[in-house]
Structures are given as structure tokens and as C-alpha cells.
$ cat input-v6.cif   # mmCIF, C-alpha atoms
data_upload
loop_
_atom_site.group_PDB
_atom_site.id
_atom_site.type_symbol
_atom_site.label_atom_id
_atom_site.label_comp_id
_atom_site.auth_asym_id
_atom_site.auth_seq_id
_atom_site.Cartn_x
_atom_site.Cartn_y
_atom_site.Cartn_z
ATOM 1 C CA MET C 1 -2.213 -19.143 -21.522
ATOM 2 C CA GLY C 2 -0.360 -15.986 -20.551
ATOM 3 C CA ARG C 3 2.585 -15.116 -18.367
ATOM 4 C CA TRP C 4 2.180 -14.514 -14.663
ATOM 5 C CA ALA C 5 3.753 -11.598 -12.811
ATOM 6 C CA VAL C 6 3.621 -9.976 -9.382
ATOM 7 C CA ALA C 7 4.623 -6.628 -7.921
ATOM 8 C CA VAL C 8 4.695 -5.464 -4.299
ATOM 9 C CA HIS C 9 5.141 -2.044 -2.708
ATOM 10 C CA GLY C 10 5.791 -0.834 0.816
ATOM 11 C CA GLY C 11 5.145 2.876 0.442
ATOM 12 C CA ALA C 12 6.364 5.864 -1.586
ATOM 13 C CA GLY C 13 8.523 8.641 -0.158
ATOM 14 C CA VAL C 14 11.612 7.450 1.726
ATOM 15 C CA ASP C 15 13.967 9.519 3.840
ATOM 16 C CA PRO C 16 17.513 9.581 2.396
ATOM 17 C CA ASN C 17 18.812 9.159 5.957
ATOM 18 C CA LEU C 18 16.828 5.987 6.624
ATOM 19 C CA PRO C 19 19.306 3.734 8.474
ATOM 20 C CA PRO C 20 20.843 1.017 6.260
ATOM 21 C CA HIS C 21 19.574 -1.768 8.518
ATOM 22 C CA ARG C 22 15.975 -0.600 7.998
ATOM 23 C CA GLN C 23 16.513 -0.477 4.261
ATOM 24 C CA GLU C 24 17.756 -4.057 4.360
ATOM 25 C CA GLU C 25 14.836 -5.159 6.542
ATOM 26 C CA ALA C 26 12.431 -3.681 4.008
ATOM 27 C CA LYS C 27 14.165 -5.382 1.084
ATOM 28 C CA LYS C 28 14.149 -8.735 2.866
ATOM 29 C CA LEU C 29 10.428 -8.489 3.636
ATOM 30 C CA ILE C 30 9.551 -7.577 0.051
ATOM 31 C CA SER C 31 11.784 -10.390 -1.228
ATOM 32 C CA ARG C 32 10.076 -12.854 1.116
ATOM 33 C CA CYS C 33 6.692 -11.767 -0.191
ATOM 34 C CA LEU C 34 7.812 -12.147 -3.795
ATOM 35 C CA HIS C 35 9.058 -15.684 -3.165
ATOM 36 C CA LEU C 36 5.743 -16.486 -1.478
ATOM 37 C CA ALA C 37 3.861 -15.190 -4.512
ATOM 38 C CA VAL C 38 6.095 -16.976 -7.015
ATOM 39 C CA SER C 39 5.604 -20.294 -5.237
ATOM 40 C CA ALA C 40 1.835 -19.825 -5.286
ATOM 41 C CA LEU C 41 1.712 -18.749 -8.938
ATOM 42 C CA ARG C 42 3.813 -21.732 -9.985
ATOM 43 C CA SER C 43 1.160 -23.861 -8.273
ATOM 44 C CA ASN C 44 -1.579 -22.187 -10.357
ATOM 45 C CA VAL C 45 -3.072 -20.243 -7.439
ATOM 46 C CA SER C 46 -5.350 -17.475 -8.759
ATOM 47 C CA ALA C 47 -4.246 -13.856 -8.910
ATOM 48 C CA LEU C 48 -6.868 -12.852 -6.341
ATOM 49 C CA ASP C 49 -5.729 -15.477 -3.849
ATOM 50 C CA VAL C 50 -2.076 -14.488 -4.311
ATOM 51 C CA VAL C 51 -2.863 -10.825 -3.653
ATOM 52 C CA GLU C 52 -4.602 -11.720 -0.405
ATOM 53 C CA LEU C 53 -1.780 -14.073 0.591
ATOM 54 C CA VAL C 54 0.935 -11.469 0.045
ATOM 55 C CA VAL C 55 -0.890 -8.581 1.713
ATOM 56 C CA ARG C 56 -1.634 -10.772 4.739
ATOM 57 C CA GLU C 57 2.098 -11.420 5.034
ATOM 58 C CA LEU C 58 2.787 -7.680 4.908
ATOM 59 C CA GLU C 59 0.056 -6.948 7.464
ATOM 60 C CA THR C 60 1.433 -9.538 9.877
ATOM 61 C CA ASP C 61 4.971 -8.154 9.824
ATOM 62 C CA PRO C 62 5.258 -4.894 11.842
ATOM 63 C CA LEU C 63 7.816 -3.297 9.504
ATOM 64 C CA PHE C 64 5.404 -1.409 7.240
ATOM 65 C CA ASN C 65 2.302 0.641 7.985
ATOM 66 C CA SER C 66 -0.447 -1.991 7.740
ATOM 67 C CA GLY C 67 -1.925 -4.460 10.192
ATOM 68 C CA ARG C 68 0.542 -4.818 13.068
ATOM 69 C CA GLY C 69 2.726 -1.720 12.955
ATOM 70 C CA SER C 70 -0.033 0.571 11.663
ATOM 71 C CA ALA C 71 0.165 4.307 12.230
ATOM 72 C CA LEU C 72 -1.654 5.659 15.279
ATOM 73 C CA THR C 73 -4.535 8.090 15.409
ATOM 74 C CA GLU C 74 -4.514 11.268 17.478
ATOM 75 C CA ASN C 75 -5.946 9.152 20.314
ATOM 76 C CA GLY C 76 -3.143 6.598 20.176
ATOM 77 C CA THR C 77 -5.312 3.866 18.642
ATOM 78 C CA VAL C 78 -5.175 2.058 15.312
ATOM 79 C CA GLU C 79 -7.834 2.421 12.582
ATOM 80 C CA MET C 80 -6.970 0.352 9.522
ATOM 81 C CA GLU C 81 -8.317 0.275 5.989
ATOM 82 C CA SER C 82 -7.897 -2.111 3.086
ATOM 83 C CA SER C 83 -9.323 -3.075 -0.291
ATOM 84 C CA ILE C 84 -9.064 -5.871 -2.823
ATOM 85 C CA MET C 85 -10.327 -6.095 -6.403
ATOM 86 C CA ASP C 86 -10.872 -8.957 -8.824
ATOM 87 C CA GLY C 87 -10.186 -7.741 -12.362
ATOM 88 C CA PRO C 88 -12.120 -10.157 -14.613
ATOM 89 C CA ARG C 89 -15.479 -9.386 -13.008
ATOM 90 C CA ARG C 90 -14.539 -6.020 -11.494
ATOM 91 C CA ARG C 91 -15.728 -7.148 -8.096
ATOM 92 C CA TYR C 92 -14.245 -5.445 -5.061
ATOM 93 C CA GLY C 93 -14.387 -5.358 -1.301
ATOM 94 C CA ALA C 94 -13.149 -2.689 1.089
ATOM 95 C CA VAL C 95 -13.098 -1.854 4.798
ATOM 96 C CA SER C 96 -12.215 1.220 6.847
ATOM 97 C CA GLY C 97 -11.905 2.021 10.522
ATOM 98 C CA VAL C 98 -11.270 -1.560 11.634
ATOM 99 C CA THR C 99 -9.611 -1.838 15.027
ATOM 100 C CA THR C 100 -9.543 -5.531 15.983
ATOM 101 C CA VAL C 101 -9.254 -7.434 12.692
ATOM 102 C CA LYS C 102 -5.818 -9.049 12.463
ATOM 103 C CA ASN C 103 -5.786 -9.045 8.650
ATOM 104 C CA PRO C 104 -7.960 -6.305 7.124
ATOM 105 C CA ILE C 105 -7.284 -7.502 3.565
ATOM 106 C CA SER C 106 -9.069 -10.775 4.328
ATOM 107 C CA LEU C 107 -12.035 -8.933 5.747
ATOM 108 C CA ALA C 108 -12.177 -6.851 2.566
ATOM 109 C CA ARG C 109 -12.168 -10.111 0.593
ATOM 110 C CA LEU C 110 -15.073 -11.402 2.684
ATOM 111 C CA VAL C 111 -17.035 -8.188 2.103
ATOM 112 C CA MET C 112 -16.640 -8.878 -1.615
ATOM 113 C CA ASP C 113 -17.424 -12.605 -1.434
ATOM 114 C CA LYS C 114 -19.876 -12.949 1.452
ATOM 115 C CA SER C 115 -21.871 -9.727 1.698
ATOM 116 C CA PRO C 116 -24.313 -7.924 -0.611
ATOM 117 C CA HIS C 117 -22.125 -4.812 -0.314
ATOM 118 C CA SER C 118 -18.723 -3.648 -1.486
ATOM 119 C CA TYR C 119 -17.578 -1.420 1.368
ATOM 120 C CA LEU C 120 -18.086 -1.598 5.143
ATOM 121 C CA ALA C 121 -16.617 0.726 7.757
ATOM 122 C CA PHE C 122 -16.105 1.158 11.498
ATOM 123 C CA ALA C 123 -18.748 -0.551 13.683
ATOM 124 C CA GLY C 124 -20.420 -2.189 10.691
ATOM 125 C CA ALA C 125 -17.152 -3.682 9.476
ATOM 126 C CA GLU C 126 -16.319 -4.943 12.979
ATOM 127 C CA LYS C 127 -19.757 -6.534 13.328
ATOM 128 C CA PHE C 128 -19.371 -8.241 9.960
ATOM 129 C CA ALA C 129 -15.931 -9.519 10.995
ATOM 130 C CA ARG C 130 -17.427 -11.156 14.082
ATOM 131 C CA MET C 131 -20.217 -12.679 11.990
ATOM 132 C CA GLN C 132 -17.660 -14.182 9.605
ATOM 133 C CA GLY C 133 -15.468 -15.550 12.370
ATOM 134 C CA VAL C 134 -12.249 -13.865 11.253
ATOM 135 C CA GLU C 135 -9.321 -13.711 13.662
ATOM 136 C CA LEU C 136 -9.709 -10.789 16.065
ATOM 137 C CA VAL C 137 -7.118 -9.311 18.425
ATOM 138 C CA GLU C 138 -6.995 -6.462 20.914
ATOM 139 C CA ASN C 139 -6.117 -3.071 19.450
ATOM 140 C CA GLU C 140 -2.872 -3.137 21.433
ATOM 141 C CA TYR C 141 -1.624 -5.949 19.180
ATOM 142 C CA PHE C 142 -1.183 -3.481 16.322
ATOM 143 C CA ILE C 143 0.701 -0.878 18.369
ATOM 144 C CA THR C 144 4.507 -0.968 18.314
ATOM 145 C CA ASP C 145 7.012 0.914 20.458
ATOM 146 C CA ASP C 146 8.306 2.672 17.339
ATOM 147 C CA ASN C 147 4.870 4.021 16.518
ATOM 148 C CA VAL C 148 4.226 5.162 20.094
ATOM 149 C CA GLY C 149 7.419 7.190 19.782
ATOM 150 C CA MET C 150 6.390 8.513 16.383
ATOM 151 C CA LEU C 151 3.034 9.670 17.741
ATOM 152 C CA LYS C 152 4.725 11.433 20.642
ATOM 153 C CA GLN C 153 7.050 13.279 18.269
ATOM 154 C CA ALA C 154 4.162 14.099 15.951
ATOM 155 C CA LYS C 155 2.154 15.665 18.750
ATOM 156 C CA GLU C 156 5.150 17.661 19.953
ATOM 157 C CA ALA C 157 5.720 18.940 16.424
ATOM 158 C CA ASN C 158 1.963 19.423 15.815
ATOM 159 C CA THR C 159 2.148 17.382 12.596
ATOM 160 C CA ILE C 160 0.257 14.424 11.226
ATOM 161 C CA LEU C 161 3.374 12.454 10.318
ATOM 162 C CA PHE C 162 6.769 12.111 11.955
ATOM 163 C CA ASP C 163 9.224 9.251 11.591
ATOM 164 C CA TYR C 164 10.653 8.461 15.011
ATOM 165 C CA ARG C 165 12.925 5.866 13.428
ATOM 166 C CA ILE C 166 15.135 8.520 11.813
ATOM 167 C CA PRO C 167 17.862 9.744 14.235
ATOM 168 C CA THR C 168 16.790 13.051 15.801
ATOM 169 C CA SER C 169 20.012 14.832 14.902
ATOM 170 C CA LYS C 170 19.410 14.097 11.234
ATOM 171 C CA MET C 171 15.814 15.302 11.420
ATOM 172 C CA GLU C 172 16.892 18.585 12.982
ATOM 173 C CA SER C 173 19.437 19.212 10.261
ATOM 174 C CA CYS C 174 17.331 18.121 7.292
ATOM 175 C CA ALA C 175 16.339 21.645 6.314
ATOM 176 C CA ALA C 176 19.954 22.738 6.218
ATOM 177 C CA GLU C 177 21.032 19.743 4.143
ATOM 178 C CA VAL C 178 18.705 20.466 1.216
ATOM 179 C CA GLU C 179 17.827 23.934 -0.033
ATOM 180 C CA ASN C 180 14.446 22.863 -1.394
ATOM 181 C CA PRO C 181 13.559 19.629 0.426
ATOM 182 C CA LEU C 182 11.030 17.323 -1.185
ATOM 183 C CA MET C 183 7.698 17.679 0.567
ATOM 184 C CA MET C 184 4.928 15.117 1.059
ATOM 185 C CA ASN C 185 1.683 16.003 2.835
ATOM 186 C CA GLY C 186 3.255 19.383 3.581
ATOM 187 C CA LEU C 187 6.244 17.909 5.425
ATOM 188 C CA PRO C 188 9.917 17.409 4.527
ATOM 189 C CA ILE C 189 10.522 13.889 3.248
ATOM 190 C CA SER C 190 12.761 13.286 6.283
ATOM 191 C CA VAL C 191 9.706 13.196 8.533
ATOM 192 C CA TYR C 192 7.348 11.353 6.197
ATOM 193 C CA ALA C 193 6.903 7.571 6.458
ATOM 194 C CA PRO C 194 3.596 6.347 5.010
ATOM 195 C CA GLU C 195 4.665 2.785 4.169
ATOM 196 C CA THR C 196 1.256 1.673 2.931
ATOM 197 C CA VAL C 197 1.500 -1.802 1.384
ATOM 198 C CA GLY C 198 0.084 -3.175 -1.826
ATOM 199 C CA CYS C 199 0.266 -6.075 -4.250
ATOM 200 C CA VAL C 200 -0.777 -6.562 -7.876
ATOM 201 C CA VAL C 201 -0.817 -9.918 -9.668
ATOM 202 C CA VAL C 202 -1.623 -11.364 -13.067
ATOM 203 C CA ASP C 203 -1.851 -15.151 -13.194
ATOM 204 C CA SER C 204 -1.244 -17.576 -16.055
ATOM 205 C CA GLN C 205 -4.885 -17.194 -17.112
ATOM 206 C CA GLY C 206 -4.382 -13.458 -17.640
ATOM 207 C CA ARG C 207 -6.545 -12.568 -14.641
ATOM 208 C CA CYS C 208 -5.473 -9.379 -12.846
ATOM 209 C CA ALA C 209 -6.064 -8.529 -9.192
ATOM 210 C CA ALA C 210 -4.938 -5.804 -6.802
ATOM 211 C CA GLY C 211 -4.973 -5.111 -3.076
ATOM 212 C CA THR C 212 -3.862 -2.305 -0.773
ATOM 213 C CA SER C 213 -3.720 -2.022 3.030
ATOM 214 C CA THR C 214 -2.714 0.725 5.457
ATOM 215 C CA GLY C 215 -2.978 2.219 8.906
ATOM 216 C CA GLY C 216 -3.151 5.684 7.353
ATOM 217 C CA LEU C 217 -1.397 8.790 8.652
ATOM 218 C CA MET C 218 0.409 9.095 11.958
ATOM 219 C CA ASN C 219 -1.552 11.369 14.344
ATOM 220 C CA LYS C 220 -4.503 11.453 11.933
ATOM 221 C CA MET C 221 -7.939 12.531 13.104
ATOM 222 C CA THR C 222 -10.131 9.625 14.130
ATOM 223 C CA GLY C 223 -12.458 8.720 11.289
ATOM 224 C CA ARG C 224 -10.089 9.848 8.537
ATOM 225 C CA ILE C 225 -10.300 7.683 5.397
ATOM 226 C CA GLY C 226 -7.572 7.778 2.767
ATOM 227 C CA ASP C 227 -7.202 6.443 -0.749
ATOM 228 C CA SER C 228 -6.301 2.823 0.056
ATOM 229 C CA PRO C 229 -9.870 1.471 0.465
ATOM 230 C CA ILE C 230 -11.311 3.579 -2.338
ATOM 231 C CA ILE C 231 -11.665 1.636 -5.564
ATOM 232 C CA GLY C 232 -10.352 3.623 -8.509
ATOM 233 C CA ALA C 233 -8.149 5.745 -6.275
ATOM 234 C CA GLY C 234 -5.803 3.547 -4.247
ATOM 235 C CA THR C 235 -6.753 0.216 -5.814
ATOM 236 C CA TYR C 236 -8.154 -0.922 -9.147
ATOM 237 C CA ALA C 237 -8.230 -4.034 -11.315
ATOM 238 C CA CYS C 238 -10.027 -4.884 -14.545
ATOM 239 C CA GLU C 239 -9.578 -7.101 -17.593
ATOM 240 C CA VAL C 240 -6.592 -4.991 -18.703
ATOM 241 C CA CYS C 241 -4.510 -4.376 -15.585
ATOM 242 C CA GLY C 242 -4.218 -4.262 -11.801
ATOM 243 C CA VAL C 243 -2.960 -1.194 -9.892
ATOM 244 C CA SER C 244 -2.081 -0.321 -6.277
ATOM 245 C CA CYS C 245 -1.099 3.192 -5.197
ATOM 246 C CA THR C 246 0.748 4.763 -2.276
ATOM 247 C CA GLY C 247 1.754 8.264 -1.204
ATOM 248 C CA GLU C 248 -0.295 11.373 -0.476
ATOM 249 C CA GLY C 249 -3.759 9.939 -0.092
ATOM 250 C CA GLU C 250 -5.673 13.123 -0.728
ATOM 251 C CA ALA C 251 -3.823 13.688 -4.025
ATOM 252 C CA ILE C 252 -4.435 10.082 -5.083
ATOM 253 C CA LEU C 253 -8.128 10.483 -4.299
ATOM 254 C CA ARG C 254 -8.420 13.677 -6.337
ATOM 255 C CA GLY C 255 -6.694 12.075 -9.301
ATOM 256 C CA THR C 256 -8.518 8.710 -9.147
ATOM 257 C CA LEU C 257 -5.029 7.455 -9.840
ATOM 258 C CA ALA C 258 -5.480 3.692 -10.087
ATOM 259 C CA ARG C 259 -8.474 3.863 -12.442
ATOM 260 C CA GLU C 260 -6.695 6.423 -14.614
ATOM 261 C CA VAL C 261 -3.992 3.883 -15.492
ATOM 262 C CA ALA C 262 -6.616 1.477 -16.819
ATOM 263 C CA ALA C 263 -8.545 4.276 -18.523
ATOM 264 C CA VAL C 264 -5.648 5.551 -20.618
ATOM 265 C CA MET C 265 -4.805 1.982 -21.583
ATOM 266 C CA GLU C 266 -8.397 1.353 -22.640
ATOM 267 C CA TYR C 267 -9.189 4.693 -24.293
ATOM 268 C CA LYS C 268 -5.806 6.007 -25.451
ATOM 269 C CA GLY C 269 -4.273 2.646 -26.317
ATOM 270 C CA LEU C 270 -1.194 3.189 -24.173
ATOM 271 C CA GLY C 271 1.008 0.342 -23.023
ATOM 272 C CA LEU C 272 1.314 -0.397 -19.311
ATOM 273 C CA GLN C 273 4.506 1.570 -18.573
ATOM 274 C CA GLU C 274 3.351 4.408 -20.836
ATOM 275 C CA ALA C 275 0.076 4.569 -18.936
ATOM 276 C CA VAL C 276 1.810 4.597 -15.559
ATOM 277 C CA ASP C 277 4.181 7.356 -16.666
ATOM 278 C CA TYR C 278 1.332 9.424 -18.112
ATOM 279 C CA VAL C 279 -0.765 9.192 -14.956
ATOM 280 C CA ILE C 280 2.136 10.024 -12.624
ATOM 281 C CA GLU C 281 3.052 13.052 -14.756
ATOM 282 C CA GLU C 282 -0.426 14.337 -15.627
ATOM 283 C CA ARG C 283 -2.861 13.345 -12.867
ATOM 284 C CA LEU C 284 -1.188 14.209 -9.575
ATOM 285 C CA ASP C 285 -1.180 18.007 -9.837
ATOM 286 C CA GLN C 286 1.292 18.917 -7.086
ATOM 287 C CA GLY C 287 0.798 15.695 -5.125
ATOM 288 C CA LYS C 288 3.469 13.076 -4.508
ATOM 289 C CA ALA C 289 2.719 9.397 -4.982
ATOM 290 C CA GLY C 290 3.755 6.125 -6.546
ATOM 291 C CA LEU C 291 2.104 3.006 -7.911
ATOM 292 C CA ILE C 292 2.724 -0.522 -9.103
ATOM 293 C CA ALA C 293 0.863 -2.214 -11.946
ATOM 294 C CA VAL C 294 0.612 -5.425 -13.954
ATOM 295 C CA SER C 295 -1.064 -6.037 -17.310
ATOM 296 C CA ASN C 296 -2.999 -9.051 -18.521
ATOM 297 C CA ARG C 297 -0.025 -9.813 -20.786
ATOM 298 C CA GLY C 298 2.341 -10.398 -17.879
ATOM 299 C CA GLU C 299 3.990 -6.984 -17.916
ATOM 300 C CA VAL C 300 5.043 -5.151 -14.753
ATOM 301 C CA ALA C 301 5.421 -1.398 -14.332
ATOM 302 C CA PHE C 302 5.948 1.121 -11.577
ATOM 303 C CA GLY C 303 6.228 4.879 -11.289
ATOM 304 C CA PHE C 304 6.624 7.560 -8.635
ATOM 305 C CA ASN C 305 7.296 11.292 -8.561
ATOM 306 C CA CYS C 306 8.951 11.381 -5.149
ATOM 307 C CA ASN C 307 12.491 10.289 -4.340
ATOM 308 C CA ALA C 308 11.871 6.589 -3.743
ATOM 309 C CA MET C 309 9.394 3.760 -3.279
ATOM 310 C CA PHE C 310 9.830 0.422 -1.502
ATOM 311 C CA ARG C 311 9.045 -2.023 -4.309
ATOM 312 C CA GLY C 312 9.735 -5.385 -5.890
ATOM 313 C CA CYS C 313 8.541 -7.538 -8.761
ATOM 314 C CA ALA C 314 8.894 -11.013 -10.213
ATOM 315 C CA THR C 315 7.880 -12.488 -13.561
ATOM 316 C CA GLU C 316 7.413 -15.962 -14.986
ATOM 317 C CA ASP C 317 10.625 -15.763 -17.020
ATOM 318 C CA GLY C 318 12.669 -15.744 -13.798
ATOM 319 C CA PHE C 319 13.242 -12.016 -13.414
ATOM 320 C CA MET C 320 13.114 -10.680 -9.843
ATOM 321 C CA GLU C 321 14.018 -7.230 -8.542
ATOM 322 C CA VAL C 322 13.749 -5.435 -5.198
ATOM 323 C CA ALA C 323 14.524 -1.721 -5.024
ATOM 324 C CA ILE C 324 13.982 1.454 -3.026
ATOM 325 C CA TRP C 325 15.607 4.392 -4.761
ATOM 326 C CA GLU C 326 15.223 5.776 -8.267
#
$ encode --input "input-v6.cif" --output "C-alpha cells"
Amino acid sequence: MGRWAVAVHGGAGVDPNLPPHRQEEAKKLISRCLHLAVSALRSNVSALDVVELVVRELETDPLFNSGRGSALTENGTVEMESSIMDGPRRRYGAVSGVTTVKNPISLARLVMDKSPHSYLAFAGAEKFARMQGVELVENEYFITDDNVGMLKQAKEANTILFDYRIPTSKMESCAAEVENPLMMNGLPISVYAPETVGCVVVDSQGRCAAGTSTGGLMNKMTGRIGDSPIIGAGTYACEVCGVSCTGEGEAILRGTLAREVAAVMEYKGLGLQEAVDYVIEERLDQGKAGLIAVSNRGEVAFGFNCNAMFRGCATEDGFMEVAIWE
């Protein structure tokens, strides 16, 4: 019997001027998810089931960029993507381009459990969702007033990301406030708000699991697929660990970030935090990202090379932490 642990993230790269009330809202949501996970783990719920449970909670709340509250495409619609992986058997399921599925993480789980495939996208994923009887909603359900405003600002600025929730006066002055502002996806951090969500869990049996869900980039081209549904890039779990990533999707894809954490543990003999630090420092080139991870021994680790990451963790010994900044 091992020790259970859980970690949750809500995106890497946070504007320093993010209003305090939004910071508190984010902390409260992550804390709620941790308490949900702790209750389930104390009841001997499996790591895989806890991952799905937590990500569903994050998808249902409009605060972060997944499920309801997802970023909008250039056409003003939502195209979501998600993945889940079961470490002991290295099974996984993933979906992309879903537009009516209320909880994409559960559809990804069904792809893994109920189909002969591992990854379904767009019309095929929607057809499979109908076949499985999952809860469907109109695309408008996922669209929030905040994100409509963000898309409008993004189009006016001809960018793929723009955080409407930061006061305009602060956005206009961001370049003057910092001589060399941190950039993500080619934009100052003040106008970057990815807020992809993820969860990693190890249960008392030492089984690791991971899941990630997102709406992608604001004002993205229709059909764009990021790292979140790609196993080994945005999500990975095996006998050794479970990992979920967030940040610049293209950089995470190039670095196969999530798999790299497991690989250096397996082949270089690094511990969990050592592996996370190594991958963040050596595998991102000039990209900006963050990740959370758990090991089969009940350890929790996180790392990021940008200014902040919405994150939280809890362990069987009673430790719980929720944080944003370094």
C-alpha cells in the first residue's frame, strides 16, 4: 500500500495585474477540486476515476478555459479537446474538436474504455458521443460574456490571445511597466490567458493517472489542435508517474514534455522533482510552459518557466497547498 496524492492546475502564465478577486476565485475553485479529490481518495476511489471527477468539475465551472468558459475560435465558436491516461496499463483516450459535449474529459474516457481507438476528433468524436449517450448541449452553453469580449479584443488587435478580463488601462501600459516583458505565444504575459486545466493522481495502490482539458487559444483557427489531447505531450501516465502540462502548446508538442518527465525518471534514474526541473530547463527550448506531476510513491511536483501557474496539491499526510505565483 502506498500513499495517495493529487495535483491540479488551471494554466501557466498569469498576468501580474490580474484583479485580486479573480485570483481568489481561482484559488477557491482549485481548493474545491482538491477537497473533492481528497474525499474520493479517502474512499478508495481509483486514480483514474478521481482524475475524471476533478476535470469534470473544472470543465463545468466557467472560470478556466475548459468546457464552459472555453476560448473561442476565429468564428466565435468553441472547439474543445481533452485526454485522459491510465498509468498501469498505459491506456489512453483523447478527443479534439468537440462542440456539444458538456464534459470532454468523460468522452475521452469513453474513447479509451468503449471504442477500439484511442483518439477521435471533430465529426467522428461527436458521432461517438451521441452513440454513447453522453450529455450534449448547444455550443452557446460554453460561450461566456467574458470570452465574447476577449474574442472582440483579439480580432481588433489581430492576435490569437487577449485577456479581456484585465483592465484596458493596464493592458495599454504593460509595455512601459516592464522593459523586457515575459512573452508567451509571442504576446506579452499581460494579454495571455490560456488557463487549460489538468489533474494528476496517484491512489493508495500506487496507480497513476492524468487528464488535461482545454478550449485552446482565443481566436484560434478552426481545426487547430494543441498539446492537451496529445499523449506524451500534454498528458502522460505510466507505472512511474502521471503528468499534465499547460502553456505554449506548440512548444509542449515539440518537446513531448509529459513523456519526457517519465523518460528521465525511467532511464536517468531521476526523482520526480528532479525530472520535472530537468524537463522544464532542457526540453522547452524558448517555449514557456508548466506542468504538474505525481509519482507512484505518493510524491507531488510542479515546475514552470513563466511567472506563475494556477496550481494546488494535496497528499495523504494532510498537506494541502494552493498557489499562483512563484
$ residues_around --input "input-v6.cif" --residues "Val51 (chain C)" --least-positions-apart "4" --cutoff "7 Å" --atoms "only C-alpha atoms" --output "MDAnalysis selection string"
chainID C and resid 47 55 199:201 209:211
$ resolve_selection --input "input-v6.cif" --expression "the PyMOL selection byres ((chain C and resi 204-206) around 8)" --output "PyMOL selection string"
chain C and resi 1-4+41+44+202-203+207-208+296-298
$ write_last_selection --input "input-v6.cif" --atoms "C-alpha atoms" --output "mmCIF file, in the frame of the given file"
data_model
loop_
_atom_site.group_PDB
_atom_site.id
_atom_site.type_symbol
_atom_site.label_atom_id
_atom_site.label_comp_id
_atom_site.auth_asym_id
_atom_site.auth_seq_id
_atom_site.Cartn_x
_atom_site.Cartn_y
_atom_site.Cartn_z
ATOM 1 C CA MET C 1 -2.213 -19.143 -21.522
ATOM 2 C CA GLY C 2 -0.360 -15.986 -20.551
ATOM 3 C CA ARG C 3 2.585 -15.116 -18.367
ATOM 4 C CA TRP C 4 2.180 -14.514 -14.663
ATOM 5 C CA LEU C 41 1.712 -18.749 -8.938
ATOM 6 C CA ASN C 44 -1.579 -22.187 -10.357
ATOM 7 C CA VAL C 202 -1.623 -11.364 -13.067
ATOM 8 C CA ASP C 203 -1.851 -15.151 -13.194
ATOM 9 C CA ARG C 207 -6.545 -12.568 -14.641
ATOM 10 C CA CYS C 208 -5.473 -9.379 -12.846
ATOM 11 C CA ASN C 296 -2.999 -9.051 -18.521
ATOM 12 C CA ARG C 297 -0.025 -9.813 -20.786
ATOM 13 C CA GLY C 298 2.341 -10.398 -17.879
#
$ atom_distance --input "input-v6.cif" --atom1 "CA of Arg91 (chain C)" --atom2 "CA of Ser118 (chain C)"
8.1 Å
$ resolve_selection --input "input-v6.cif" --expression "the PyMOL selection byres ((chain C and resi 82) around 10)" --output "compact mmCIF listing (two decimals) with C-alpha atoms, keeping the file's coordinate frame"
# COMPACT_ATOMS: atom_id res chain seq x y z
CA VAL C 55 -0.89 -8.58 1.71
CA SER C 66 -0.45 -1.99 7.74
CA GLY C 67 -1.92 -4.46 10.19
CA MET C 80 -6.97 0.35 9.52
CA GLU C 81 -8.32 0.28 5.99
CA SER C 83 -9.32 -3.08 -0.29
CA ILE C 84 -9.06 -5.87 -2.82
CA GLY C 93 -14.39 -5.36 -1.30
CA ALA C 94 -13.15 -2.69 1.09
CA VAL C 95 -13.10 -1.85 4.80
CA SER C 96 -12.22 1.22 6.85
CA GLY C 97 -11.90 2.02 10.52
CA VAL C 98 -11.27 -1.56 11.63
CA ASN C 103 -5.79 -9.04 8.65
CA PRO C 104 -7.96 -6.30 7.12
CA ILE C 105 -7.28 -7.50 3.56
CA SER C 106 -9.07 -10.78 4.33
CA LEU C 107 -12.04 -8.93 5.75
CA ALA C 108 -12.18 -6.85 2.57
CA ARG C 109 -12.17 -10.11 0.59
CA TYR C 119 -17.58 -1.42 1.37
CA THR C 196 1.26 1.67 2.93
CA VAL C 197 1.50 -1.80 1.38
CA GLY C 198 0.08 -3.18 -1.83
CA GLY C 211 -4.97 -5.11 -3.08
CA THR C 212 -3.86 -2.31 -0.77
CA SER C 213 -3.72 -2.02 3.03
CA THR C 214 -2.71 0.72 5.46
CA GLY C 215 -2.98 2.22 8.91
CA GLY C 226 -7.57 7.78 2.77
CA ASP C 227 -7.20 6.44 -0.75
CA SER C 228 -6.30 2.82 0.06
CA PRO C 229 -9.87 1.47 0.46
CA ILE C 230 -11.31 3.58 -2.34
CA GLY C 234 -5.80 3.55 -4.25
CA THR C 235 -6.75 0.22 -5.81
$ atom_distance --input "input-v6.cif" --atom1 "CA of Asp15 (chain C)" --atom2 "CA of Met309 (chain C)"
10.2 Å
$ atom_distance --input "input-v6.cif" --atom1 "CA of Lys28 (chain C)" --atom2 "CA of Val322 (chain C)"
8.7 Å
$ closest_residue --input "input-v6.cif" --among "C:Met218, C:Glu260, C:Ser244, C:Glu195" --to "Ala7 (chain C)" --atoms "all atoms listed in the file"
C:Ser244
$ resolve_selection --input "input-v6.cif" --expression "the PyMOL selection byres ((chain C and resi 263-265) around 12)" --output "PyMOL selection string"
chain C and resi 232+236-243+256-262+266-279+282-283+293-296
$ residues_near_point --input "input-v6.cif" --point "(3.0, 9.9, 18.3)" --cutoff "12 Å" --atoms "only C-alpha atoms" --output "PyMOL selection string"
chain C and resi 70-78+143-165+217-220
$ closest_residue --input "input-v6.cif" --among "C:Glu321, C:Asp49, C:Glu326, C:Glu248" --to "Gly11 (chain C)" --atoms "all atoms listed in the file"
C:Glu248
$ axis_aligned_box --input "input-v6.cif" --around "region 109-115 of chain C" --padding-each-side "5 Å" --output "JSON"
{"center_x": -17.0, "center_y": -10.6, "center_z": 0.5, "size_x": 19.7, "size_y": 14.8, "size_z": 14.3}
$ closest_residue --input "input-v6.cif" --among "C:Ala12, C:Gly223, C:Asn65, C:Arg22" --to "Gly287 (chain C)" --atoms "all atoms listed in the file"
C:Ala12
$ closest_residue --input "input-v6.cif" --among "C:Met131, C:Val38, C:Leu120, C:Cys313" --to "Ala301 (chain C)" --atoms "only C-alpha atoms"
C:Cys313
$ build_atoms --input "input-v6.cif" --residues "region 29-35 of chain C" --atoms "N, CA and C atoms" --output "compact mmCIF listing (two decimals), keeping the file's coordinate frame"
# COMPACT_ATOMS: atom_id res chain seq x y z
N LEU C 29 11.86 -8.21 3.53
CA LEU C 29 10.43 -8.49 3.64
C LEU C 29 9.79 -8.54 2.25
N ILE C 30 10.11 -7.58 1.40
CA ILE C 30 9.55 -7.58 0.05
C ILE C 30 10.01 -8.82 -0.72
N SER C 31 11.28 -9.18 -0.57
CA SER C 31 11.78 -10.39 -1.23
C SER C 31 11.05 -11.63 -0.74
N ARG C 32 10.81 -11.71 0.56
CA ARG C 32 10.08 -12.85 1.12
C ARG C 32 8.68 -12.94 0.52
N CYS C 33 8.04 -11.79 0.38
CA CYS C 33 6.69 -11.77 -0.19
C CYS C 33 6.70 -12.18 -1.66
N LEU C 34 7.72 -11.76 -2.39
CA LEU C 34 7.81 -12.15 -3.80
C LEU C 34 8.00 -13.66 -3.94
N HIS C 35 8.85 -14.23 -3.10
CA HIS C 35 9.06 -15.68 -3.16
C HIS C 35 7.77 -16.43 -2.81
